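J.: For reference, this is protein-v6.pdb, and it has PDB, C-alpha atoms, pLDDT in the B column.
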```pdb
ATOM      1  CA  MET A 156     151.152 -27.224  64.080  1.00 44.00           C
ATOM      2  CA  THR A 157     149.985 -24.999  61.234  1.00 48.00           C
ATOM      3  CA  SER A 158     146.813 -23.008  61.753  1.00 49.00           C
ATOM      4  CA  PRO A 159     144.073 -23.407  59.098  1.00 48.00           C
ATOM      5  CA  ARG A 160     144.741 -19.870  57.821  1.00 50.00           C
ATOM      6  CA  GLU A 161     148.420 -20.694  57.186  1.00 50.00           C
ATOM      7  CA  SER A 162     147.782 -23.930  55.278  1.00 69.00           C
ATOM      8  CA  SER A 163     147.563 -24.340  51.503  1.00 79.00           C
ATOM      9  CA  PRO A 164     144.394 -23.085  49.743  1.00 81.00           C
ATOM     10  CA  LEU A 165     143.063 -26.604  49.117  1.00 84.00           C
ATOM     11  CA  GLU A 166     144.009 -28.097  52.479  1.00 87.00           C
ATOM     12  CA  LEU A 167     140.371 -27.987  53.669  1.00 88.00           C
ATOM     13  CA  VAL A 168     137.306 -26.958  51.671  1.00 90.00           C
ATOM     14  CA  HIS A 169     133.734 -26.817  52.975  1.00 89.00           C
ATOM     15  CA  LEU A 170     131.074 -28.093  50.558  1.00 87.00           C
ATOM     16  CA  ASP A 171     127.312 -27.813  50.931  1.00 87.00           C
ATOM     17  CA  ILE A 172     124.135 -27.621  48.864  1.00 86.00           C
ATOM     18  CA  TYR A 173     121.354 -25.142  49.611  1.00 84.00           C
ATOM     19  CA  GLY A 174     117.741 -25.190  48.441  1.00 82.00           C
ATOM     20  CA  LEU A 175     114.969 -25.720  47.506  1.00 84.00           C
ATOM     21  CA  MET A 176     114.762 -21.950  47.028  1.00 84.00           C
ATOM     22  CA  PRO A 177     111.288 -20.365  47.005  1.00 85.00           C
ATOM     23  CA  HIS A 178     111.991 -18.811  43.570  1.00 85.00           C
ATOM     24  CA  GLN A 179     114.086 -20.073  40.684  1.00 84.00           C
ATOM     25  CA  SER A 180     117.022 -18.052  39.380  1.00 84.00           C
ATOM     26  CA  LEU A 181     117.006 -16.612  35.850  1.00 86.00           C
ATOM     27  CA  CYS A 182     118.754 -19.782  34.661  1.00 85.00           C
ATOM     28  CA  GLY A 183     116.078 -21.950  36.306  1.00 88.00           C
ATOM     29  CA  ALA A 184     118.114 -23.049  39.331  1.00 89.00           C
ATOM     30  CA  SER A 185     116.340 -23.941  42.562  1.00 89.00           C
ATOM     31  CA  TYR A 186     119.526 -24.973  44.423  1.00 89.00           C
ATOM     32  CA  PHE A 187     123.111 -23.827  44.683  1.00 87.00           C
ATOM     33  CA  VAL A 188     126.266 -25.664  45.647  1.00 88.00           C
ATOM     34  CA  SER A 189     128.867 -23.734  47.631  1.00 89.00           C
ATOM     35  CA  PHE A 190     132.571 -24.326  48.170  1.00 90.00           C
ATOM     36  CA  ILE A 191     134.465 -22.320  50.815  1.00 90.00           C
ATOM     37  CA  GLY A 192     138.230 -22.566  51.238  1.00 89.00           C
ATOM     38  CA  GLU A 193     139.164 -22.720  54.925  1.00 87.00           C
ATOM     39  CA  SER A 194     142.523 -20.978  54.578  1.00 85.00           C
ATOM     40  CA  THR A 195     141.525 -18.295  52.066  1.00 86.00           C
ATOM     41  CA  ARG A 196     137.779 -17.975  52.734  1.00 87.00           C
ATOM     42  CA  LYS A 197     137.332 -17.892  48.960  1.00 89.00           C
ATOM     43  CA  VAL A 198     133.761 -18.790  47.998  1.00 91.00           C
ATOM     44  CA  TRP A 199     132.530 -20.463  44.840  1.00 91.00           C
ATOM     45  CA  ALA A 200     128.772 -20.850  44.253  1.00 90.00           C
ATOM     46  CA  TYR A 201     127.237 -22.902  41.459  1.00 90.00           C
ATOM     47  CA  PRO A 202     123.533 -22.841  40.561  1.00 90.00           C
ATOM     48  CA  ALA A 203     121.793 -26.201  40.149  1.00 89.00           C
ATOM     49  CA  LYS A 204     118.375 -26.926  38.679  1.00 90.00           C
ATOM     50  CA  THR A 205     118.121 -30.188  40.617  1.00 86.00           C
ATOM     51  CA  LYS A 206     119.710 -31.477  43.795  1.00 84.00           C
ATOM     52  CA  ASP A 207     121.196 -34.525  42.081  1.00 83.00           C
ATOM     53  CA  ARG A 208     123.690 -32.292  40.214  1.00 85.00           C
ATOM     54  CA  GLU A 209     125.918 -31.907  43.302  1.00 86.00           C
ATOM     55  CA  PHE A 210     128.369 -34.628  42.244  1.00 87.00           C
ATOM     56  CA  SER A 211     128.842 -33.359  38.682  1.00 90.00           C
ATOM     57  CA  ILE A 212     129.222 -29.782  39.979  1.00 90.00           C
ATOM     58  CA  PHE A 213     131.835 -31.013  42.461  1.00 90.00           C
ATOM     59  CA  GLN A 214     133.771 -32.695  39.634  1.00 93.00           C
ATOM     60  CA  GLU A 215     133.628 -29.505  37.506  1.00 93.00           C
ATOM     61  CA  TRP A 216     134.803 -27.373  40.438  1.00 92.00           C
ATOM     62  CA  LEU A 217     137.595 -29.793  41.344  1.00 93.00           C
ATOM     63  CA  THR A 218     138.948 -29.793  37.783  1.00 93.00           C
ATOM     64  CA  MET A 219     138.842 -25.983  37.682  1.00 93.00           C
ATOM     65  CA  VAL A 220     140.677 -25.431  40.987  1.00 91.00           C
ATOM     66  CA  LYS A 221     143.298 -28.079  40.189  1.00 91.00           C
ATOM     67  CA  ASN A 222     144.007 -26.425  36.830  1.00 92.00           C
ATOM     68  CA  LYS A 223     144.138 -22.899  38.276  1.00 91.00           C
ATOM     69  CA  SER A 224     146.095 -23.627  41.446  1.00 88.00           C
ATOM     70  CA  GLY A 225     148.176 -26.639  40.463  1.00 89.00           C
ATOM     71  CA  GLN A 226     147.322 -28.058  43.895  1.00 89.00           C
ATOM     72  CA  LYS A 227     145.375 -31.078  45.057  1.00 90.00           C
ATOM     73  CA  LEU A 228     142.327 -30.985  47.326  1.00 91.00           C
ATOM     74  CA  LYS A 229     143.259 -32.727  50.564  1.00 90.00           C
ATOM     75  CA  CYS A 230     140.211 -32.596  52.801  1.00 88.00           C
ATOM     76  CA  LEU A 231     136.538 -31.946  52.139  1.00 87.00           C
ATOM     77  CA  GLN A 232     134.082 -31.069  54.890  1.00 84.00           C
ATOM     78  CA  THR A 233     130.509 -31.740  53.813  1.00 82.00           C
ATOM     79  CA  GLY A 234     127.116 -30.930  55.253  1.00 70.00           C
ATOM     80  CA  ASN A 235     126.475 -34.690  55.426  1.00 61.00           C
ATOM     81  CA  GLY A 236     123.720 -34.462  52.809  1.00 62.00           C
ATOM     82  CA  GLY A 237     122.517 -37.538  50.936  1.00 62.00           C
ATOM     83  CA  GLY A 238     124.497 -36.890  47.751  1.00 72.00           C
ATOM     84  CA  PHE A 239     127.741 -36.410  49.646  1.00 77.00           C
ATOM     85  CA  ASN A 240     127.347 -39.862  51.130  1.00 76.00           C
ATOM     86  CA  SER A 241     126.447 -41.608  47.873  1.00 81.00           C
ATOM     87  CA  GLU A 242     128.599 -44.571  46.906  1.00 84.00           C
ATOM     88  CA  GLU A 243     129.677 -42.788  43.724  1.00 88.00           C
ATOM     89  CA  PHE A 244     130.795 -39.649  45.589  1.00 85.00           C
ATOM     90  CA  VAL A 245     132.644 -41.549  48.321  1.00 85.00           C
ATOM     91  CA  LYS A 246     134.434 -43.799  45.788  1.00 89.00           C
ATOM     92  CA  PHE A 247     135.477 -40.756  43.756  1.00 89.00           C
ATOM     93  CA  CYS A 248     136.930 -39.053  46.844  1.00 88.00           C
ATOM     94  CA  LEU A 249     138.796 -42.228  47.850  1.00 88.00           C
ATOM     95  CA  HIS A 250     140.160 -42.653  44.313  1.00 90.00           C
ATOM     96  CA  CYS A 251     141.390 -39.019  44.290  1.00 89.00           C
ATOM     97  CA  GLY A 252     142.879 -39.248  47.791  1.00 89.00           C
ATOM     98  CA  ILE A 253     140.425 -36.701  49.197  1.00 89.00           C
ATOM     99  CA  TYR A 254     139.659 -37.158  52.874  1.00 85.00           C
ATOM    100  CA  GLN A 255     135.950 -36.500  53.485  1.00 80.00           C
ATOM    101  CA  ILE A 256     134.728 -35.260  56.874  1.00 77.00           C
ATOM    102  CA  PRO A 257     130.979 -34.878  57.514  1.00 67.00           C
ATOM    103  CA  GLN A 258     130.178 -31.802  59.652  1.00 56.00           C
ATOM    104  CA  GLU A 259     128.874 -33.919  62.526  1.00 54.00           C
ATOM    105  CA  LEU A 260     132.120 -35.886  62.796  1.00 56.00           C
ATOM    106  CA  TRP A 261     134.279 -32.751  62.629  1.00 54.00           C
ATOM    107  CA  THR A 262     132.577 -30.974  65.526  1.00 58.00           C
ATOM    108  CA  ASP A 263     130.585 -33.813  67.134  1.00 59.00           C
ATOM    109  CA  ILE A 264     127.583 -31.460  66.908  1.00 59.00           C
ATOM    110  CA  LYS A 265     124.764 -31.645  64.364  1.00 63.00           C
ATOM    111  CA  PRO A 266     124.480 -28.242  62.605  1.00 60.00           C
ATOM    112  CA  ASN A 267     121.555 -26.092  63.726  1.00 63.00           C
ATOM    113  CA  TYR A 268     120.050 -24.001  60.915  1.00 61.00           C
ATOM    114  CA  GLU A 269     117.235 -22.595  63.061  1.00 70.00           C
ATOM    115  CA  LYS A 270     118.684 -19.058  63.167  1.00 66.00           C
ATOM    116  CA  LEU A 271     119.659 -18.964  59.482  1.00 62.00           C
ATOM    117  CA  ARG A 272     118.016 -15.949  57.841  1.00 65.00           C
ATOM    118  CA  ILE A 273     117.990 -14.335  54.413  1.00 64.00           C
ATOM    119  CA  PHE A 274     120.245 -11.292  54.302  1.00 61.00           C
ATOM    120  CA  GLY A 275     121.092  -8.610  51.760  1.00 63.00           C
ATOM    121  CA  CYS A 276     118.849  -6.637  49.476  1.00 62.00           C
ATOM    122  CA  LYS A 277     115.513  -7.717  48.108  1.00 65.00           C
ATOM    123  CA  ALA A 278     115.532  -9.304  44.693  1.00 64.00           C
ATOM    124  CA  PHE A 279     112.606  -9.615  42.352  1.00 62.00           C
ATOM    125  CA  SER A 280     112.087 -12.102  39.558  1.00 62.00           C
ATOM    126  CA  LEU A 281     111.835 -10.679  36.073  1.00 66.00           C
ATOM    127  CA  ALA A 282     108.594 -11.566  34.280  1.00 65.00           C
ATOM    128  CA  MET A 283     109.396 -12.160  30.620  1.00 67.00           C
ATOM    129  CA  ASP A 284     106.206 -11.650  28.568  1.00 61.00           C
TER     130      ASP A 284
END
```
For this file, write the structure as structure tokens.

T.:
Amino acid sequence: MTSPRESSPLELVHLDIYGLMPHQSLCGASYFVSFIGESTRKVWAYPAKTKDREFSIFQEWLTMVKNKSGQKLKCLQTGNGGGFNSEEFVKFCLHCGIYQIPQELWTDIKPNYEKLRIFGCKAFSLAMD
């Protein structure tokens, strides 16, 4: 059996949406959608002004990685958020042959975000007068 680190870059990708952030970004985003490749640990982050943009951001990302890598996404692990379970999202994944695994089904444990903390340097919003 191949370990996750030895598999192809799009064998398994983790997808989640984060927000509502306490402050908007310079482009007005209050959320961001992240994609993390299991085998490469490559991270893509997309800002989103509203939470309902997750599906369109996923489609944009999928087109980009297919064009750049020439490979097909095989398995998607989601945070089991509402948008990732929408009929439109699930039908799209089925049509594209993408196997979707909610986090709870993968590990049989509901994720605990209690110890999640902000890290890094402080950032301040720029007041444009």

J.: Given the point (126.2, -25.6, 53.2) in the coordinates of this file, which residues lie within 9 Å, counting all atoms listed in the file, and how would they look as a VMD selection string?

T.: chain A and resid 169 to 173 188 to 190 233 to 234

J.: Write the selection just made, keeping C-alpha atoms, as a compact mmCIF listing (two decimals), in the coordinates of the input?

T.:
```txt
# COMPACT_ATOMS: atom_id res chain seq x y z
CA HIS A 169 133.73 -26.82 52.98
CA LEU A 170 131.07 -28.09 50.56
CA ASP A 171 127.31 -27.81 50.93
CA ILE A 172 124.14 -27.62 48.86
CA TYR A 173 121.35 -25.14 49.61
CA VAL A 188 126.27 -25.66 45.65
CA SER A 189 128.87 -23.73 47.63
CA PHE A 190 132.57 -24.33 48.17
CA THR A 233 130.51 -31.74 53.81
CA GLY A 234 127.12 -30.93 55.25
```

J.: May I have the protein, DNA and RNA residues with any atom at most 6 Å from the point (118.8, -25.1, 36.9), counting all atoms listed in the file, written as number ranges by chain?

T.: A: 182-184, 203-204

J.: Between A:Trp216, A:Phe239, A:Phe247, A:Tyr254, which one has atoms that come closest to A:Val198, using all atoms listed in the file?

T.: A:Trp216

J.: Given all atoms listed in the file as the basis, pick out the residue of A:Phe244, A:Ser224, A:Ile212, A:Phe187 nearest to A:Gly174.

T.: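 Of A:Phe244, A:Ser224, A:Ile212, A:Phe187, the one nearest A:Gly174 is A:Phe187, counting all atoms listed in the file.
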
J.: Suppose a student applies the PyMOL selection byres ((chain A and resi 226-228) around 8) to this structure; what residues should they get, written as a VMD selection string?

T.: chain A and resid 165 to 168 217 220 to 222 224 to 225 229 to 231 253

J.: Distance atom CA of A:Lys206-atom CA of A:Ser241, one decimal place?

T.: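 Answer for the atom CA of A:Lys206 to atom CA of A:Ser241 separation: 12.8 Å.
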
J.: Please report the interatomic distance between atom CA of A:Glu243 and atom CA of A:Met176 in Å with one decimal.

T.: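 According to the coordinates, atom CA of A:Glu243 and atom CA of A:Met176 are separated by 25.8 Å.
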
J.: Quick check, in Å to one decimal: how far apart do atom CA of A:Met219 and atom CA of A:Tyr186 lie?

T.: 20.5 Å

J.: Pick the closest to A:Gln179 from A:Ile191, A:Glu215, A:Thr205, A:Arg196: which is it, counting only C-alpha atoms?

T.: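 Selected residue with least distance to A:Gln179: A:Thr205.
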
J.: From the list A:Pro177, A:Gly192, A:Pro164, A:Pro202, which residue is nearest A:Gln232 when using only C-alpha atoms?

T.: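 Nearest to A:Gln232: A:Gly192.
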
J.: Rank A:Tyr201, A:Ser163, A:Ser194, A:His250 by their smallest atom-to-atom distance to A:Phe213, using all atoms listed in the file, and report the top residue only.

T.: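 For A:Phe213, the nearest of the candidates is A:Tyr201.
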